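Each remark here refers to the structure printed beneath this line.
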Amino acid sequence: MSQSRQINVSKNGVPVTAIVALAIVFVAGLFVVGFDQGHIFSLVYGEEAFQDLYIHELTHDMRHAAGFPCH
Amino acid sequence: MKTFLFILIVIASGAAAGLIHGGLNLIFVEPSLDQAIGIENQHMFASGEEKDTPEFWIKYDGYRTWQKSGQVLAGGILGVSIGALFGIVFALSRNSLPGKTDIKKALVLAGIMWLTIYFIPFLKYPANPPTVGDPETIVLRGILYLVFIAISGFGAFGFYKLSQKLKTKKLVAIVGYAAFIGIAFVVMPENPDKITAPMDLVNNFRIMSAFTVSLYWLSLGVILGSLWHHYKPHKEIIPFN
Ligand SMILES: [Zn+2]
């Protein structure tokens, strides 16, 4: 038991699973608000998503307001 | 550490601070955005791309209302995202952060992260309202911005670790980082886009944008620090035996 605990917990006592999960949340959220140009919906809707830019348009005002490069 | 509680606290504080950010933007930043998009509309009328008709304005108003609701939604998403990064760094660095309470520790870290991954990059690549950016350079601008943030963030972290290893004072790390980021600031290329929008509008937008982002970081520090103080997710669950 003590061995498996050592593998799963960083030396500060923070579980690696939690760090990985939060890192994924960080990257995904940043991409959606800061950089998506139709990529995410294109996974479901195909090429059309790059025309519609639904997520880009929806998060657009925050993209400018938070200082990300835009139009 | 209580994993689930830790993640819950991080997500909740990010979401709360992010919704505050989005709400503040409706008040402080949207007027500049409306003004900038108004200029774009005039350009479209002038070029004949759109006609200045009542139908146009009905469609436009509806669209902008929808987009403003997105401002708040995106505030929540971005808030959780940045909050997740903040939570990771806080959990890993909590023992070495100055301050007696978790609220003070969280505020110190929020201040450091605000400065290194937001404010210094903002000084190099300030936020711009609509009409300023050239669609042709969007990828380049995105890369420059991210690279500079990464240089600054990892630079600060690197100098901190180095001073720990060499057992020098914290001031040495701060001076080292300052010199390092100063060089990066000069060496990194400028934003390639020329500003054609009125400078008053651009400056006002930048001030308001920096103001609400700064309040986001402040809220994030206060909320995460308070929740952490209250729920103490770092405490181990003591088994009965
Ligand atoms: Zn834009």
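Starting from 1 in every chain, residues are counted up; chains themselves are A, B, ... following the order of the structure tokens, and ligands are numbered from 1 as listed.
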
With only C-alpha atoms considered, list every residue of chain B at most 7 Å from chain A, as a PDB file with all heavy atoms, in the first residue's frame.
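Contents of iface12.pdb, freshly written:
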```
ATOM      1  N   MET B   1      -3.774  14.378   1.067  1.00  0.00           N
ATOM      2  CA  MET B   1      -4.666  15.411   0.546  1.00  0.00           C
ATOM      3  C   MET B   1      -5.987  14.794   0.082  1.00  0.00           C
ATOM      4  O   MET B   1      -6.003  13.702  -0.459  1.00  0.00           O
ATOM      5  CB  MET B   1      -3.995  16.139  -0.618  1.00  0.00           C
ATOM      6  CG  MET B   1      -4.899  17.175  -1.251  1.00  0.00           C
ATOM      7  SD  MET B   1      -4.084  18.119  -2.536  1.00  0.00           S
ATOM      8  CE  MET B   1      -3.340  19.418  -1.595  1.00  0.00           C
ATOM      9  N   THR B   3      -8.330  14.489  -2.496  1.00  0.00           N
ATOM     10  CA  THR B   3      -8.265  14.807  -3.923  1.00  0.00           C
ATOM     11  C   THR B   3      -9.535  15.474  -4.433  1.00  0.00           C
ATOM     12  O   THR B   3      -9.494  16.517  -5.088  1.00  0.00           O
ATOM     13  CB  THR B   3      -8.018  13.514  -4.733  1.00  0.00           C
ATOM     14  OG1 THR B   3      -6.884  12.868  -4.180  1.00  0.00           O
ATOM     15  CG2 THR B   3      -7.791  13.827  -6.192  1.00  0.00           C
ATOM     16  N   ILE B   7      -9.983  19.348  -5.898  1.00  0.00           N
ATOM     17  CA  ILE B   7     -10.431  19.691  -7.262  1.00  0.00           C
ATOM     18  C   ILE B   7     -11.694  20.550  -7.204  1.00  0.00           C
ATOM     19  O   ILE B   7     -11.820  21.549  -7.922  1.00  0.00           O
ATOM     20  CB  ILE B   7     -10.664  18.405  -8.097  1.00  0.00           C
ATOM     21  CG1 ILE B   7      -9.326  17.717  -8.355  1.00  0.00           C
ATOM     22  CG2 ILE B   7     -11.358  18.731  -9.423  1.00  0.00           C
ATOM     23  CD1 ILE B   7      -9.423  16.415  -9.113  1.00  0.00           C
ATOM     24  N   VAL B  29     -16.043  46.824 -19.892  1.00  0.00           N
ATOM     25  CA  VAL B  29     -15.351  46.613 -21.171  1.00  0.00           C
ATOM     26  C   VAL B  29     -16.307  46.674 -22.366  1.00  0.00           C
ATOM     27  O   VAL B  29     -15.931  47.154 -23.433  1.00  0.00           O
ATOM     28  CB  VAL B  29     -14.578  45.269 -21.156  1.00  0.00           C
ATOM     29  CG1 VAL B  29     -13.866  45.039 -22.475  1.00  0.00           C
ATOM     30  CG2 VAL B  29     -13.573  45.251 -20.010  1.00  0.00           C
ATOM     31  N   GLN B  67     -23.891  37.639 -27.974  1.00  0.00           N
ATOM     32  CA  GLN B  67     -22.449  37.653 -27.743  1.00  0.00           C
ATOM     33  C   GLN B  67     -22.100  38.119 -26.322  1.00  0.00           C
ATOM     34  O   GLN B  67     -21.144  37.650 -25.727  1.00  0.00           O
ATOM     35  CB  GLN B  67     -21.763  38.572 -28.754  1.00  0.00           C
ATOM     36  CG  GLN B  67     -20.726  37.836 -29.548  1.00  0.00           C
ATOM     37  CD  GLN B  67     -20.106  38.668 -30.644  1.00  0.00           C
ATOM     38  OE1 GLN B  67     -20.341  39.861 -30.770  1.00  0.00           O
ATOM     39  NE2 GLN B  67     -19.296  38.023 -31.442  1.00  0.00           N
ATOM     40  N   LYS B  68     -22.910  39.043 -25.806  1.00  0.00           N
ATOM     41  CA  LYS B  68     -22.643  39.523 -24.451  1.00  0.00           C
ATOM     42  C   LYS B  68     -22.970  38.445 -23.404  1.00  0.00           C
ATOM     43  O   LYS B  68     -22.315  38.365 -22.366  1.00  0.00           O
ATOM     44  CB  LYS B  68     -23.427  40.807 -24.169  1.00  0.00           C
ATOM     45  CG  LYS B  68     -22.800  41.995 -24.846  1.00  0.00           C
ATOM     46  CD  LYS B  68     -23.628  43.247 -24.722  1.00  0.00           C
ATOM     47  CE  LYS B  68     -23.047  44.323 -25.632  1.00  0.00           C
ATOM     48  NZ  LYS B  68     -23.824  45.555 -25.623  1.00  0.00           N
ATOM     49  N   GLY B  70     -22.409  35.445 -24.016  1.00  0.00           N
ATOM     50  CA  GLY B  70     -21.199  34.625 -24.160  1.00  0.00           C
ATOM     51  C   GLY B  70     -20.038  35.178 -23.357  1.00  0.00           C
ATOM     52  O   GLY B  70     -19.180  34.424 -22.903  1.00  0.00           O
ATOM     53  N   GLN B  71     -20.007  36.476 -23.184  1.00  0.00           N
ATOM     54  CA  GLN B  71     -18.956  37.111 -22.377  1.00  0.00           C
ATOM     55  C   GLN B  71     -18.934  36.509 -20.965  1.00  0.00           C
ATOM     56  O   GLN B  71     -17.885  36.175 -20.428  1.00  0.00           O
ATOM     57  CB  GLN B  71     -19.234  38.619 -22.302  1.00  0.00           C
ATOM     58  CG  GLN B  71     -18.521  39.374 -21.224  1.00  0.00           C
ATOM     59  CD  GLN B  71     -17.140  39.815 -21.666  1.00  0.00           C
ATOM     60  OE1 GLN B  71     -16.156  39.129 -21.410  1.00  0.00           O
ATOM     61  NE2 GLN B  71     -17.060  40.938 -22.354  1.00  0.00           N
ATOM     62  N   ALA B  74     -18.069  32.705 -21.184  1.00  0.00           N
ATOM     63  CA  ALA B  74     -16.631  32.562 -21.419  1.00  0.00           C
ATOM     64  C   ALA B  74     -15.846  32.974 -20.182  1.00  0.00           C
ATOM     65  O   ALA B  74     -14.772  32.432 -19.913  1.00  0.00           O
ATOM     66  CB  ALA B  74     -16.197  33.404 -22.620  1.00  0.00           C
ATOM     67  N   GLY B  75     -16.381  33.927 -19.420  1.00  0.00           N
ATOM     68  CA  GLY B  75     -15.741  34.307 -18.167  1.00  0.00           C
ATOM     69  C   GLY B  75     -15.657  33.117 -17.234  1.00  0.00           C
ATOM     70  O   GLY B  75     -14.625  32.862 -16.619  1.00  0.00           O
ATOM     71  N   ILE B  77     -15.734  29.906 -18.133  1.00  0.00           N
ATOM     72  CA  ILE B  77     -14.832  28.889 -18.685  1.00  0.00           C
ATOM     73  C   ILE B  77     -13.370  29.296 -18.480  1.00  0.00           C
ATOM     74  O   ILE B  77     -12.546  28.526 -17.988  1.00  0.00           O
ATOM     75  CB  ILE B  77     -15.101  28.666 -20.194  1.00  0.00           C
ATOM     76  CG1 ILE B  77     -16.526  28.147 -20.414  1.00  0.00           C
ATOM     77  CG2 ILE B  77     -14.085  27.693 -20.782  1.00  0.00           C
ATOM     78  CD1 ILE B  77     -16.947  28.121 -21.877  1.00  0.00           C
ATOM     79  N   LEU B  78     -13.057  30.536 -18.838  1.00  0.00           N
ATOM     80  CA  LEU B  78     -11.675  31.011 -18.674  1.00  0.00           C
ATOM     81  C   LEU B  78     -11.294  31.045 -17.201  1.00  0.00           C
ATOM     82  O   LEU B  78     -10.168  30.714 -16.827  1.00  0.00           O
ATOM     83  CB  LEU B  78     -11.523  32.407 -19.298  1.00  0.00           C
ATOM     84  CG  LEU B  78     -10.101  32.981 -19.287  1.00  0.00           C
ATOM     85  CD1 LEU B  78      -9.178  32.131 -20.157  1.00  0.00           C
ATOM     86  CD2 LEU B  78     -10.094  34.426 -19.778  1.00  0.00           C
ATOM     87  N   SER B  81     -10.434  27.644 -16.137  1.00  0.00           N
ATOM     88  CA  SER B  81      -9.174  27.245 -16.761  1.00  0.00           C
ATOM     89  C   SER B  81      -7.962  27.851 -16.038  1.00  0.00           C
ATOM     90  O   SER B  81      -7.056  27.133 -15.603  1.00  0.00           O
ATOM     91  CB  SER B  81      -9.192  27.679 -18.234  1.00  0.00           C
ATOM     92  OG  SER B  81      -7.893  27.739 -18.762  1.00  0.00           O
ATOM     93  N   ILE B  82      -7.948  29.170 -15.895  1.00  0.00           N
ATOM     94  CA  ILE B  82      -6.836  29.834 -15.209  1.00  0.00           C
ATOM     95  C   ILE B  82      -6.818  29.419 -13.736  1.00  0.00           C
ATOM     96  O   ILE B  82      -5.762  29.230 -13.134  1.00  0.00           O
ATOM     97  CB  ILE B  82      -6.952  31.373 -15.306  1.00  0.00           C
ATOM     98  CG1 ILE B  82      -7.082  31.819 -16.757  1.00  0.00           C
ATOM     99  CG2 ILE B  82      -5.771  32.068 -14.616  1.00  0.00           C
ATOM    100  CD1 ILE B  82      -5.859  31.662 -17.585  1.00  0.00           C
ATOM    101  N   ALA B  84      -7.624  26.559 -12.601  1.00  0.00           N
ATOM    102  CA  ALA B  84      -7.034  25.219 -12.501  1.00  0.00           C
ATOM    103  C   ALA B  84      -5.511  25.322 -12.406  1.00  0.00           C
ATOM    104  O   ALA B  84      -4.869  24.656 -11.586  1.00  0.00           O
ATOM    105  CB  ALA B  84      -7.440  24.362 -13.701  1.00  0.00           C
ATOM    106  N   LEU B  85      -4.935  26.189 -13.254  1.00  0.00           N
ATOM    107  CA  LEU B  85      -3.488  26.399 -13.197  1.00  0.00           C
ATOM    108  C   LEU B  85      -3.089  26.964 -11.827  1.00  0.00           C
ATOM    109  O   LEU B  85      -2.128  26.514 -11.197  1.00  0.00           O
ATOM    110  CB  LEU B  85      -3.058  27.369 -14.300  1.00  0.00           C
ATOM    111  CG  LEU B  85      -1.564  27.695 -14.344  1.00  0.00           C
ATOM    112  CD1 LEU B  85      -0.752  26.472 -14.752  1.00  0.00           C
ATOM    113  CD2 LEU B  85      -1.285  28.860 -15.274  1.00  0.00           C
ATOM    114  N   ILE B  88      -3.192  24.242  -9.158  1.00  0.00           N
ATOM    115  CA  ILE B  88      -2.034  23.339  -9.220  1.00  0.00           C
ATOM    116  C   ILE B  88      -0.826  23.994  -8.555  1.00  0.00           C
ATOM    117  O   ILE B  88      -0.176  23.419  -7.686  1.00  0.00           O
ATOM    118  CB  ILE B  88      -1.676  22.994 -10.701  1.00  0.00           C
ATOM    119  CG1 ILE B  88      -2.792  22.171 -11.359  1.00  0.00           C
ATOM    120  CG2 ILE B  88      -0.350  22.249 -10.777  1.00  0.00           C
ATOM    121  CD1 ILE B  88      -2.603  21.968 -12.862  1.00  0.00           C
ATOM    122  N   ALA B  91      -1.268  24.412  -4.723  1.00  0.00           N
ATOM    123  CA  ALA B  91      -1.116  23.171  -3.962  1.00  0.00           C
ATOM    124  C   ALA B  91       0.351  22.763  -3.864  1.00  0.00           C
ATOM    125  O   ALA B  91       0.816  22.324  -2.821  1.00  0.00           O
ATOM    126  CB  ALA B  91      -1.929  22.055  -4.620  1.00  0.00           C
ATOM    127  N   LEU B  92       1.089  22.939  -4.978  1.00  0.00           N
ATOM    128  CA  LEU B  92       2.492  22.517  -4.983  1.00  0.00           C
ATOM    129  C   LEU B  92       3.385  23.463  -4.196  1.00  0.00           C
ATOM    130  O   LEU B  92       4.424  23.056  -3.677  1.00  0.00           O
ATOM    131  CB  LEU B  92       2.995  22.396  -6.434  1.00  0.00           C
ATOM    132  CG  LEU B  92       2.375  21.272  -7.269  1.00  0.00           C
ATOM    133  CD1 LEU B  92       2.897  21.315  -8.699  1.00  0.00           C
ATOM    134  CD2 LEU B  92       2.663  19.904  -6.652  1.00  0.00           C
ATOM    135  N   PRO B 126      -0.221  44.474 -25.429  1.00  0.00           N
ATOM    136  CA  PRO B 126      -1.461  44.937 -24.795  1.00  0.00           C
ATOM    137  C   PRO B 126      -2.711  44.473 -25.551  1.00  0.00           C
ATOM    138  O   PRO B 126      -2.662  44.255 -26.760  1.00  0.00           O
ATOM    139  CB  PRO B 126      -1.335  46.465 -24.828  1.00  0.00           C
ATOM    140  CG  PRO B 126      -0.259  46.764 -25.802  1.00  0.00           C
ATOM    141  CD  PRO B 126       0.622  45.571 -25.901  1.00  0.00           C
ATOM    142  N   ALA B 127      -3.799  44.322 -24.787  1.00  0.00           N
ATOM    143  CA  ALA B 127      -5.079  43.921 -25.376  1.00  0.00           C
ATOM    144  C   ALA B 127      -5.518  44.964 -26.395  1.00  0.00           C
ATOM    145  O   ALA B 127      -5.224  46.150 -26.253  1.00  0.00           O
ATOM    146  CB  ALA B 127      -6.131  43.789 -24.276  1.00  0.00           C
ATOM    147  N   ASN B 128      -6.214  44.502 -27.436  1.00  0.00           N
ATOM    148  CA  ASN B 128      -6.742  45.418 -28.434  1.00  0.00           C
ATOM    149  C   ASN B 128      -8.229  45.195 -28.636  1.00  0.00           C
ATOM    150  O   ASN B 128      -8.695  44.058 -28.604  1.00  0.00           O
ATOM    151  CB  ASN B 128      -6.027  45.218 -29.771  1.00  0.00           C
ATOM    152  CG  ASN B 128      -4.706  45.964 -29.812  1.00  0.00           C
ATOM    153  OD1 ASN B 128      -4.608  47.103 -29.347  1.00  0.00           O
ATOM    154  ND2 ASN B 128      -3.680  45.312 -30.340  1.00  0.00           N
ATOM    155  N   PRO B 129      -8.984  46.275 -28.861  1.00  0.00           N
ATOM    156  CA  PRO B 129     -10.405  46.120 -29.163  1.00  0.00           C
ATOM    157  C   PRO B 129     -10.575  45.615 -30.600  1.00  0.00           C
ATOM    158  O   PRO B 129      -9.601  45.620 -31.362  1.00  0.00           O
ATOM    159  CB  PRO B 129     -10.940  47.546 -29.025  1.00  0.00           C
ATOM    160  CG  PRO B 129      -9.777  48.414 -29.361  1.00  0.00           C
ATOM    161  CD  PRO B 129      -8.563  47.678 -28.868  1.00  0.00           C
ATOM    162  N   PRO B 130     -11.782  45.182 -30.965  1.00  0.00           N
ATOM    163  CA  PRO B 130     -12.037  44.805 -32.359  1.00  0.00           C
ATOM    164  C   PRO B 130     -11.628  45.936 -33.303  1.00  0.00           C
ATOM    165  O   PRO B 130     -11.554  47.090 -32.886  1.00  0.00           O
ATOM    166  CB  PRO B 130     -13.548  44.586 -32.401  1.00  0.00           C
ATOM    167  CG  PRO B 130     -13.918  44.221 -31.009  1.00  0.00           C
ATOM    168  CD  PRO B 130     -12.969  44.982 -30.125  1.00  0.00           C
ATOM    169  N   THR B 131     -11.391  45.597 -34.548  1.00  0.00           N
ATOM    170  CA  THR B 131     -10.952  46.441 -35.679  1.00  0.00           C
ATOM    171  C   THR B 131      -9.443  46.632 -35.728  1.00  0.00           C
ATOM    172  O   THR B 131      -8.915  47.021 -36.752  1.00  0.00           O
ATOM    173  CB  THR B 131     -11.558  47.895 -35.746  1.00  0.00           C
ATOM    174  OG1 THR B 131     -10.791  48.762 -34.917  1.00  0.00           O
ATOM    175  CG2 THR B 131     -12.994  47.936 -35.340  1.00  0.00           C
ATOM    176  N   VAL B 132      -8.733  46.347 -34.620  1.00  0.00           N
ATOM    177  CA  VAL B 132      -7.288  46.575 -34.638  1.00  0.00           C
ATOM    178  C   VAL B 132      -6.555  45.408 -35.293  1.00  0.00           C
ATOM    179  O   VAL B 132      -5.660  45.596 -36.109  1.00  0.00           O
ATOM    180  CB  VAL B 132      -6.751  46.817 -33.210  1.00  0.00           C
ATOM    181  CG1 VAL B 132      -5.230  46.839 -33.210  1.00  0.00           C
ATOM    182  CG2 VAL B 132      -7.304  48.114 -32.643  1.00  0.00           C
ATOM    183  N   GLY B 133      -6.957  44.178 -34.942  1.00  0.00           N
ATOM    184  CA  GLY B 133      -6.213  43.006 -35.375  1.00  0.00           C
ATOM    185  C   GLY B 133      -6.389  42.699 -36.857  1.00  0.00           C
ATOM    186  O   GLY B 133      -7.476  42.800 -37.400  1.00  0.00           O
ATOM    187  N   ASP B 134      -5.284  42.286 -37.486  1.00  0.00           N
ATOM    188  CA  ASP B 134      -5.310  41.872 -38.881  1.00  0.00           C
ATOM    189  C   ASP B 134      -5.500  40.352 -38.898  1.00  0.00           C
ATOM    190  O   ASP B 134      -4.697  39.626 -38.321  1.00  0.00           O
ATOM    191  CB  ASP B 134      -3.958  42.260 -39.515  1.00  0.00           C
ATOM    192  CG  ASP B 134      -3.858  41.825 -40.961  1.00  0.00           C
ATOM    193  OD1 ASP B 134      -4.767  41.118 -41.442  1.00  0.00           O
ATOM    194  OD2 ASP B 134      -2.854  42.190 -41.596  1.00  0.00           O
ATOM    195  N   PRO B 135      -6.582  39.852 -39.567  1.00  0.00           N
ATOM    196  CA  PRO B 135      -6.826  38.401 -39.571  1.00  0.00           C
ATOM    197  C   PRO B 135      -5.638  37.613 -40.128  1.00  0.00           C
ATOM    198  O   PRO B 135      -5.423  36.461 -39.745  1.00  0.00           O
ATOM    199  CB  PRO B 135      -8.044  38.240 -40.489  1.00  0.00           C
ATOM    200  CG  PRO B 135      -8.681  39.594 -40.553  1.00  0.00           C
ATOM    201  CD  PRO B 135      -7.601  40.600 -40.306  1.00  0.00           C
ATOM    202  N   ILE B 138      -3.183  36.596 -37.212  1.00  0.00           N
ATOM    203  CA  ILE B 138      -3.727  36.058 -35.959  1.00  0.00           C
ATOM    204  C   ILE B 138      -2.881  34.921 -35.390  1.00  0.00           C
ATOM    205  O   ILE B 138      -2.635  34.873 -34.180  1.00  0.00           O
ATOM    206  CB  ILE B 138      -5.211  35.641 -36.099  1.00  0.00           C
ATOM    207  CG1 ILE B 138      -5.759  35.030 -34.815  1.00  0.00           C
ATOM    208  CG2 ILE B 138      -5.458  34.690 -37.224  1.00  0.00           C
ATOM    209  CD1 ILE B 138      -6.515  35.973 -33.955  1.00  0.00           C
ATOM    210  N   ARG B 141       0.358  36.313 -33.974  1.00  0.00           N
ATOM    211  CA  ARG B 141       0.129  37.054 -32.730  1.00  0.00           C
ATOM    212  C   ARG B 141      -0.172  36.111 -31.576  1.00  0.00           C
ATOM    213  O   ARG B 141       0.273  36.325 -30.454  1.00  0.00           O
ATOM    214  CB  ARG B 141      -1.011  38.065 -32.923  1.00  0.00           C
ATOM    215  CG  ARG B 141      -0.569  39.286 -33.729  1.00  0.00           C
ATOM    216  CD  ARG B 141      -1.696  40.294 -33.898  1.00  0.00           C
ATOM    217  NE  ARG B 141      -2.724  39.837 -34.822  1.00  0.00           N
ATOM    218  CZ  ARG B 141      -4.015  39.790 -34.555  1.00  0.00           C
ATOM    219  NH1 ARG B 141      -4.455  40.175 -33.381  1.00  0.00           N
ATOM    220  NH2 ARG B 141      -4.873  39.364 -35.450  1.00  0.00           N
ATOM    221  N   GLY B 142      -0.944  35.051 -31.870  1.00  0.00           N
ATOM    222  CA  GLY B 142      -1.251  34.064 -30.836  1.00  0.00           C
ATOM    223  C   GLY B 142       0.006  33.384 -30.324  1.00  0.00           C
ATOM    224  O   GLY B 142       0.197  33.228 -29.117  1.00  0.00           O
ATOM    225  N   SER B 209      -9.812  46.702 -19.629  1.00  0.00           N
ATOM    226  CA  SER B 209      -9.482  45.285 -19.752  1.00  0.00           C
ATOM    227  C   SER B 209      -8.517  44.863 -18.642  1.00  0.00           C
ATOM    228  O   SER B 209      -8.735  43.864 -17.939  1.00  0.00           O
ATOM    229  CB  SER B 209      -8.884  45.023 -21.139  1.00  0.00           C
ATOM    230  OG  SER B 209      -8.119  43.851 -21.141  1.00  0.00           O
ATOM    231  N   VAL B 213      -9.340  42.180 -15.528  1.00  0.00           N
ATOM    232  CA  VAL B 213      -8.512  40.972 -15.391  1.00  0.00           C
ATOM    233  C   VAL B 213      -7.818  40.986 -14.025  1.00  0.00           C
ATOM    234  O   VAL B 213      -7.727  39.956 -13.352  1.00  0.00           O
ATOM    235  CB  VAL B 213      -7.468  40.854 -16.529  1.00  0.00           C
ATOM    236  CG1 VAL B 213      -6.555  39.655 -16.279  1.00  0.00           C
ATOM    237  CG2 VAL B 213      -8.137  40.708 -17.877  1.00  0.00           C
TER     238      VAL B 213
END
```

| task | Go through range 8-214 of chain B and collect every residue that DSSP, computed from the backbone, puts in helix (DSSP H, G or I); the answer should be as an MDAnalysis selection string. | result | chainID B and resid 8:28 30:47 54:96 102:124 135:165 170:187 199:214

| query | Counting only C-alpha atoms, what is within 12 Å of Asn41 in chain B, bar same-chain residues fewer than 3 positions away, as a list in words? | reply | Asp34, Gln35, Ala36, Ile37, Gly38, Met44, Phe45, Ala46, Ser47, Gly48, Glu49, Glu50, Lys51, Asp52, Thr53, Phe56, Trp57, Tyr60, Pro130 and Thr131 of chain B

Selection from above, N, CA, C and O atoms, as a PDB file, in the first residue's frame, can you write it?
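The resulting file, again-v8.pdb, is reproduced below:
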```pdb
ATOM      1  N   ASP B  34     -18.490  47.788 -27.967  1.00  0.00           N
ATOM      2  CA  ASP B  34     -19.593  48.280 -28.799  1.00  0.00           C
ATOM      3  C   ASP B  34     -19.121  49.418 -29.701  1.00  0.00           C
ATOM      4  O   ASP B  34     -19.471  49.479 -30.885  1.00  0.00           O
ATOM      5  N   GLN B  35     -18.309  50.296 -29.117  1.00  0.00           N
ATOM      6  CA  GLN B  35     -17.799  51.437 -29.883  1.00  0.00           C
ATOM      7  C   GLN B  35     -16.923  50.955 -31.046  1.00  0.00           C
ATOM      8  O   GLN B  35     -17.055  51.440 -32.163  1.00  0.00           O
ATOM      9  N   ALA B  36     -16.042  49.996 -30.748  1.00  0.00           N
ATOM     10  CA  ALA B  36     -15.128  49.495 -31.777  1.00  0.00           C
ATOM     11  C   ALA B  36     -15.898  48.768 -32.881  1.00  0.00           C
ATOM     12  O   ALA B  36     -15.611  48.935 -34.070  1.00  0.00           O
ATOM     13  N   ILE B  37     -16.896  47.965 -32.489  1.00  0.00           N
ATOM     14  CA  ILE B  37     -17.678  47.244 -33.498  1.00  0.00           C
ATOM     15  C   ILE B  37     -18.534  48.242 -34.285  1.00  0.00           C
ATOM     16  O   ILE B  37     -18.785  48.056 -35.475  1.00  0.00           O
ATOM     17  N   GLY B  38     -18.949  49.339 -33.617  1.00  0.00           N
ATOM     18  CA  GLY B  38     -19.664  50.409 -34.311  1.00  0.00           C
ATOM     19  C   GLY B  38     -18.835  50.987 -35.456  1.00  0.00           C
ATOM     20  O   GLY B  38     -19.364  51.263 -36.540  1.00  0.00           O
ATOM     21  N   MET B  44     -18.333  48.822 -42.949  1.00  0.00           N
ATOM     22  CA  MET B  44     -19.104  47.910 -43.811  1.00  0.00           C
ATOM     23  C   MET B  44     -20.146  48.668 -44.624  1.00  0.00           C
ATOM     24  O   MET B  44     -20.394  48.336 -45.783  1.00  0.00           O
ATOM     25  N   PHE B  45     -20.758  49.686 -43.998  1.00  0.00           N
ATOM     26  CA  PHE B  45     -21.725  50.496 -44.753  1.00  0.00           C
ATOM     27  C   PHE B  45     -21.006  51.237 -45.884  1.00  0.00           C
ATOM     28  O   PHE B  45     -21.492  51.316 -47.005  1.00  0.00           O
ATOM     29  N   ALA B  46     -19.831  51.779 -45.557  1.00  0.00           N
ATOM     30  CA  ALA B  46     -19.078  52.560 -46.539  1.00  0.00           C
ATOM     31  C   ALA B  46     -18.652  51.698 -47.723  1.00  0.00           C
ATOM     32  O   ALA B  46     -18.671  52.138 -48.868  1.00  0.00           O
ATOM     33  N   SER B  47     -18.278  50.430 -47.420  1.00  0.00           N
ATOM     34  CA  SER B  47     -17.800  49.569 -48.505  1.00  0.00           C
ATOM     35  C   SER B  47     -18.955  48.884 -49.231  1.00  0.00           C
ATOM     36  O   SER B  47     -18.748  48.229 -50.249  1.00  0.00           O
ATOM     37  N   GLY B  48     -20.188  49.032 -48.705  1.00  0.00           N
ATOM     38  CA  GLY B  48     -21.341  48.415 -49.347  1.00  0.00           C
ATOM     39  C   GLY B  48     -21.544  46.961 -48.964  1.00  0.00           C
ATOM     40  O   GLY B  48     -22.441  46.283 -49.476  1.00  0.00           O
ATOM     41  N   GLU B  49     -20.721  46.453 -48.044  1.00  0.00           N
ATOM     42  CA  GLU B  49     -20.836  45.058 -47.614  1.00  0.00           C
ATOM     43  C   GLU B  49     -22.155  44.832 -46.860  1.00  0.00           C
ATOM     44  O   GLU B  49     -22.741  43.753 -46.922  1.00  0.00           O
ATOM     45  N   GLU B  50     -22.575  45.850 -46.085  1.00  0.00           N
ATOM     46  CA  GLU B  50     -23.868  45.816 -45.394  1.00  0.00           C
ATOM     47  C   GLU B  50     -24.586  47.133 -45.677  1.00  0.00           C
ATOM     48  O   GLU B  50     -23.950  48.126 -46.020  1.00  0.00           O
ATOM     49  N   LYS B  51     -25.942  47.098 -45.512  1.00  0.00           N
ATOM     50  CA  LYS B  51     -26.700  48.339 -45.709  1.00  0.00           C
ATOM     51  C   LYS B  51     -27.234  48.833 -44.370  1.00  0.00           C
ATOM     52  O   LYS B  51     -27.649  48.040 -43.526  1.00  0.00           O
ATOM     53  N   ASP B  52     -27.196  50.146 -44.184  1.00  0.00           N
ATOM     54  CA  ASP B  52     -27.634  50.776 -42.940  1.00  0.00           C
ATOM     55  C   ASP B  52     -29.156  50.802 -42.884  1.00  0.00           C
ATOM     56  O   ASP B  52     -29.779  51.846 -43.052  1.00  0.00           O
ATOM     57  N   THR B  53     -29.772  49.625 -42.663  1.00  0.00           N
ATOM     58  CA  THR B  53     -31.239  49.512 -42.646  1.00  0.00           C
ATOM     59  C   THR B  53     -31.707  49.110 -41.251  1.00  0.00           C
ATOM     60  O   THR B  53     -30.917  48.575 -40.468  1.00  0.00           O
ATOM     61  N   PHE B  56     -30.907  45.545 -40.534  1.00  0.00           N
ATOM     62  CA  PHE B  56     -29.527  45.300 -40.118  1.00  0.00           C
ATOM     63  C   PHE B  56     -29.392  45.485 -38.614  1.00  0.00           C
ATOM     64  O   PHE B  56     -28.802  44.648 -37.929  1.00  0.00           O
ATOM     65  N   TRP B  57     -29.976  46.570 -38.097  1.00  0.00           N
ATOM     66  CA  TRP B  57     -29.796  46.878 -36.686  1.00  0.00           C
ATOM     67  C   TRP B  57     -30.524  45.905 -35.775  1.00  0.00           C
ATOM     68  O   TRP B  57     -30.044  45.587 -34.688  1.00  0.00           O
ATOM     69  N   TYR B  60     -28.297  42.931 -35.818  1.00  0.00           N
ATOM     70  CA  TYR B  60     -27.069  43.278 -35.101  1.00  0.00           C
ATOM     71  C   TYR B  60     -27.278  43.282 -33.582  1.00  0.00           C
ATOM     72  O   TYR B  60     -26.494  42.692 -32.831  1.00  0.00           O
ATOM     73  N   PRO B 130     -11.782  45.182 -30.965  1.00  0.00           N
ATOM     74  CA  PRO B 130     -12.037  44.805 -32.359  1.00  0.00           C
ATOM     75  C   PRO B 130     -11.628  45.936 -33.303  1.00  0.00           C
ATOM     76  O   PRO B 130     -11.554  47.090 -32.886  1.00  0.00           O
ATOM     77  N   THR B 131     -11.391  45.597 -34.548  1.00  0.00           N
ATOM     78  CA  THR B 131     -10.952  46.441 -35.679  1.00  0.00           C
ATOM     79  C   THR B 131      -9.443  46.632 -35.728  1.00  0.00           C
ATOM     80  O   THR B 131      -8.915  47.021 -36.752  1.00  0.00           O
TER      81      THR B 131
END
```

| Residues near Ala179 in chain B, cut-off 12 Å, only C-alpha atoms, skip fewer than 5 positions along chain, as a PyMOL selection string | chain B and resi 152+155-156+159+172-174+184-186
